[in-house]
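*Asks:* Below you will find the structure I want to go over with you.
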Amino acid sequence: MKIMPCIPLTHQRGAALITGLIFLVVLTLISLAAMRATSLEERMAGNARDQDVAFQAAEAAMRDAMKQLPGLSPASAFAAGCAAGLCLNNPVTPVWTTLTAGNLWNAANTAAYGGTALTIDGATSLPVQPRYVIELLPGTVPPFGSSASTGKGNTSGAQLIPYRITARGWGITGQAQATVQATVIY
């Protein structure tokens, strides 16, 4: 049997302890970086969802505004500066630009979405329902073709009227906003 010599404590320098502590510090830093990245990714995903909900709300308002077109004509209540979502064209500054700059999208000069209240999960309503404006553009378009759905076209003699529809939707938090716009000849 062989006896191992005992090394006196004065010759040990604690290299294993220092190496272990350095290893633990490195692991802690890696863990903190991973947690920070995960937190950032969660916030990014939440913001993307919020923006997507805002876009869908704006699209819903656009569809609602398009349902109003059959009942409109240049004799309708279109007003300078808008009244209940019906606006005359401003040749200098587009109406939607004025609404956005003045933060007037929730005012009485815009039209509220008229469908069933939009919800997040089927039960919780969006904090701000979408709104829209229908802008009467100047001039008319000569009739062309034929439309069974509108009854207008080259055989009816009716003039086609250009409109610009601008709709704005808000997301889950009410902070994300999306605006969609379409020019429609009806």
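Letters A, B, ... go to the chains of the structure tokens in the order shown; residues in each chain start at 1; ligands are counted from 1 in the same order.
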Give me the residues within 12 Å of Tyr132 (chain A) as a PyMOL selection string, counting only C-alpha atoms and dropping any in the same chain fewer than 4 places off.

*Replies:* chain A and resi 57-66+68+82-87+95-96+99-100+104-114+164-170+178-182

*Asks:* When DSSP is applied to the backbone of this structure, which of chain A are assigned helix (DSSP H, G or I)? Write them out as a ChimeraX atom specification.

*Replies:* /A:9-11,15-71,95-101

*Asks:* For Leu118 (chain A), list every protein, DNA or RNA residue within 9 Å, evaluated using only C-alpha atoms, and leave out those in the same chain fewer than 2 positions away; present the list as a list in words.

*Replies:*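 In the requested format, the answer is Ala57, Ala60, Gly115, Thr116, Ile120, Gly122, Thr124, Ser125, Leu126, Gln129 and Pro130 of chain A.
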
*Asks:* Restrict the selected residues to C-alpha atoms and save them as an mmCIF file, in the first residue's frame.

*Replies:*
data_model
loop_
_atom_site.group_PDB
_atom_site.id
_atom_site.type_symbol
_atom_site.label_atom_id
_atom_site.label_comp_id
_atom_site.auth_asym_id
_atom_site.auth_seq_id
_atom_site.Cartn_x
_atom_site.Cartn_y
_atom_site.Cartn_z
ATOM 1 C CA ALA A 57 -59.681 47.710 -37.204
ATOM 2 C CA ALA A 60 -63.098 47.104 -40.873
ATOM 3 C CA GLY A 115 -70.715 47.569 -37.148
ATOM 4 C CA THR A 116 -70.699 45.418 -34.047
ATOM 5 C CA ILE A 120 -59.831 41.506 -28.963
ATOM 6 C CA GLY A 122 -64.480 37.869 -28.670
ATOM 7 C CA THR A 124 -63.189 42.455 -24.650
ATOM 8 C CA SER A 125 -63.907 45.500 -26.839
ATOM 9 C CA LEU A 126 -61.078 47.534 -28.295
ATOM 10 C CA GLN A 129 -63.317 51.798 -32.042
ATOM 11 C CA PRO A 130 -62.188 52.728 -35.580
#

*Asks:* Within 10 Å of Asn89 (chain A), counting only C-alpha atoms, which residues qualify if same-chain residues fewer than 6 places away don't, as a short mmCIF file (atom, residue, chain, number, x, y, z; two decimals) with all heavy atoms, in the first residue's frame?

*Replies:*
data_model
loop_
_atom_site.label_atom_id
_atom_site.label_comp_id
_atom_site.auth_asym_id
_atom_site.auth_seq_id
_atom_site.Cartn_x
_atom_site.Cartn_y
_atom_site.Cartn_z
N PHE A 78 -71.79 66.90 -47.54
CA PHE A 78 -70.34 67.09 -47.51
C PHE A 78 -70.04 68.51 -47.09
O PHE A 78 -70.65 69.45 -47.57
CB PHE A 78 -69.72 66.80 -48.88
CG PHE A 78 -69.73 65.35 -49.25
CD1 PHE A 78 -70.74 64.81 -50.03
CD2 PHE A 78 -68.73 64.51 -48.80
CE1 PHE A 78 -70.76 63.47 -50.35
CE2 PHE A 78 -68.73 63.16 -49.12
CZ PHE A 78 -69.75 62.65 -49.90
N ALA A 79 -69.09 68.68 -46.15
CA ALA A 79 -68.79 70.00 -45.61
C ALA A 79 -67.30 70.23 -45.56
O ALA A 79 -66.52 69.30 -45.36
CB ALA A 79 -69.38 70.12 -44.20
N ALA A 80 -66.92 71.49 -45.72
CA ALA A 80 -65.51 71.85 -45.55
C ALA A 80 -65.14 71.60 -44.10
O ALA A 80 -65.88 71.99 -43.19
CB ALA A 80 -65.30 73.31 -45.92
N GLY A 81 -64.05 70.93 -43.87
CA GLY A 81 -63.63 70.62 -42.51
C GLY A 81 -64.32 69.40 -41.93
O GLY A 81 -64.11 69.06 -40.79
N CYS A 82 -65.20 68.78 -42.67
CA CYS A 82 -65.89 67.54 -42.33
C CYS A 82 -67.07 67.75 -41.38
O CYS A 82 -67.02 68.59 -40.49
CB CYS A 82 -64.96 66.50 -41.70
SG CYS A 82 -63.66 65.98 -42.80
N VAL A 95 -57.61 66.39 -46.16
CA VAL A 95 -58.41 66.37 -44.93
C VAL A 95 -57.80 65.44 -43.89
O VAL A 95 -57.70 65.78 -42.71
CB VAL A 95 -59.86 65.96 -45.25
CG1 VAL A 95 -60.67 65.77 -43.99
CG2 VAL A 95 -60.51 66.99 -46.15
N ILE A 134 -65.12 60.18 -45.41
CA ILE A 134 -65.32 60.01 -46.85
C ILE A 134 -65.20 61.41 -47.45
O ILE A 134 -65.96 62.32 -47.10
CB ILE A 134 -66.70 59.41 -47.17
CG1 ILE A 134 -66.85 58.04 -46.50
CG2 ILE A 134 -66.90 59.30 -48.68
CD1 ILE A 134 -68.23 57.43 -46.62
N GLU A 135 -64.23 61.56 -48.32
CA GLU A 135 -63.93 62.87 -48.91
C GLU A 135 -64.41 62.88 -50.35
O GLU A 135 -64.08 62.00 -51.14
CB GLU A 135 -62.42 63.07 -48.83
CG GLU A 135 -61.92 64.39 -49.24
CD GLU A 135 -60.41 64.50 -49.05
OE1 GLU A 135 -59.79 63.57 -48.51
OE2 GLU A 135 -59.87 65.52 -49.47
N LEU A 136 -65.22 63.87 -50.70
CA LEU A 136 -65.70 64.05 -52.07
C LEU A 136 -64.60 64.72 -52.86
O LEU A 136 -64.19 65.84 -52.55
CB LEU A 136 -66.98 64.90 -52.09
CG LEU A 136 -67.54 65.22 -53.46
CD1 LEU A 136 -68.02 63.94 -54.16
CD2 LEU A 136 -68.69 66.22 -53.34
N LEU A 137 -64.09 64.03 -53.86
CA LEU A 137 -63.03 64.59 -54.69
C LEU A 137 -63.66 65.41 -55.82
O LEU A 137 -64.77 65.13 -56.26
CB LEU A 137 -62.15 63.47 -55.25
CG LEU A 137 -61.41 62.65 -54.19
CD1 LEU A 137 -60.61 61.53 -54.84
CD2 LEU A 137 -60.50 63.52 -53.35
N PRO A 138 -62.94 66.43 -56.31
CA PRO A 138 -63.54 67.29 -57.33
C PRO A 138 -63.70 66.56 -58.67
O PRO A 138 -62.93 65.67 -59.00
CB PRO A 138 -62.54 68.44 -57.45
CG PRO A 138 -61.26 67.89 -56.94
CD PRO A 138 -61.62 66.85 -55.93
N TYR A 163 -64.39 59.38 -54.74
CA TYR A 163 -64.33 59.60 -53.30
C TYR A 163 -62.98 59.10 -52.79
O TYR A 163 -62.43 58.13 -53.31
CB TYR A 163 -65.42 58.81 -52.56
CG TYR A 163 -66.83 59.16 -52.95
CD1 TYR A 163 -67.52 58.37 -53.86
CD2 TYR A 163 -67.48 60.25 -52.40
CE1 TYR A 163 -68.83 58.67 -54.21
CE2 TYR A 163 -68.79 60.55 -52.74
CZ TYR A 163 -69.46 59.76 -53.66
OH TYR A 163 -70.74 60.06 -53.99
N ARG A 164 -62.49 59.73 -51.73
CA ARG A 164 -61.32 59.22 -51.02
C ARG A 164 -61.78 58.84 -49.63
O ARG A 164 -62.31 59.66 -48.89
CB ARG A 164 -60.21 60.26 -50.92
CG ARG A 164 -58.99 59.71 -50.15
CD ARG A 164 -57.92 60.77 -49.90
NE ARG A 164 -57.44 61.34 -51.13
CZ ARG A 164 -57.18 62.64 -51.31
NH1 ARG A 164 -57.35 63.49 -50.32
NH2 ARG A 164 -56.74 63.08 -52.46
#

*Asks:* May I have all residues of region 20-182 of chain A that DSSP, computed from the backbone, assigns to strand (DSSP E or B), given as a PyMOL selection string?

*Replies:* chain A and resi 79+83+86-88+111-112+119+125+131-136+141+146+153+160+162-170+177-182

*Asks:* Could you check the closest approach to Ile172 (chain A) for each of A:Gln56, A:Ser76, A:Val133, A:Gly102 and tell me which residue wins, using only C-alpha atoms?

*Replies:*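 Looking only at the distances to Ile172 (chain A), the closest residue turns out to be A:Gln56.
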
*Asks:* What's around Gly46 (chain A) at 12 Å? Count only C-alpha atoms, leave out sequence neighbours fewer than 5 positions away in its own chain, and write the answer as a PyMOL selection string.

*Replies:* chain A and resi 39-41+51-53+171-173+176

*Asks:* Which is closer to Ala75 (chain A) than all the others in A:Leu88, A:Ala16, A:Met44, A:Leu32, using only C-alpha atoms?

*Replies:*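 Among A:Leu88, A:Ala16, A:Met44, A:Leu32, it is A:Leu88 that comes nearest to Ala75 (chain A).
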
*Asks:* Quick one, how far is CA of Pro70 (chain A) from CA of Tyr186 (chain A)?

*Replies:*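 Answer for the CA of Pro70 (chain A) to CA of Tyr186 (chain A) separation: 8.0 Å.
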
*Asks:* May I ask which of the residues A:Ala54, A:Leu21, A:Leu69, A:Ala45 is the closest one to Pro127 (chain A), counting only C-alpha atoms?

*Replies:*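 For Pro127 (chain A), the nearest of the given residues is A:Ala54.
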
*Asks:* I'd like the interatomic distance between CA of Ile185 (chain A) and CA of Lys67 (chain A), to a tenth of an Å.

*Replies:*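 Taking CA of Ile185 (chain A) and CA of Lys67 (chain A), their separation equals 13.5 Å.
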
*Asks:* What does the distance between CA of Gly174 (chain A) and CA of Thr38 (chain A) come to in Å, to one decimal place?

*Replies:*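 CA of Thr38 (chain A) lies at a distance of 24.3 Å from CA of Gly174 (chain A).
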
*Asks:* Pick out the closest residue to Asn47 (chain A) from this set: A:Gln159, A:Thr19, A:Gln175, A:Asn103. Count only C-alpha atoms.

*Replies:*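 Selected residue with least distance to Asn47 (chain A): A:Gln175.
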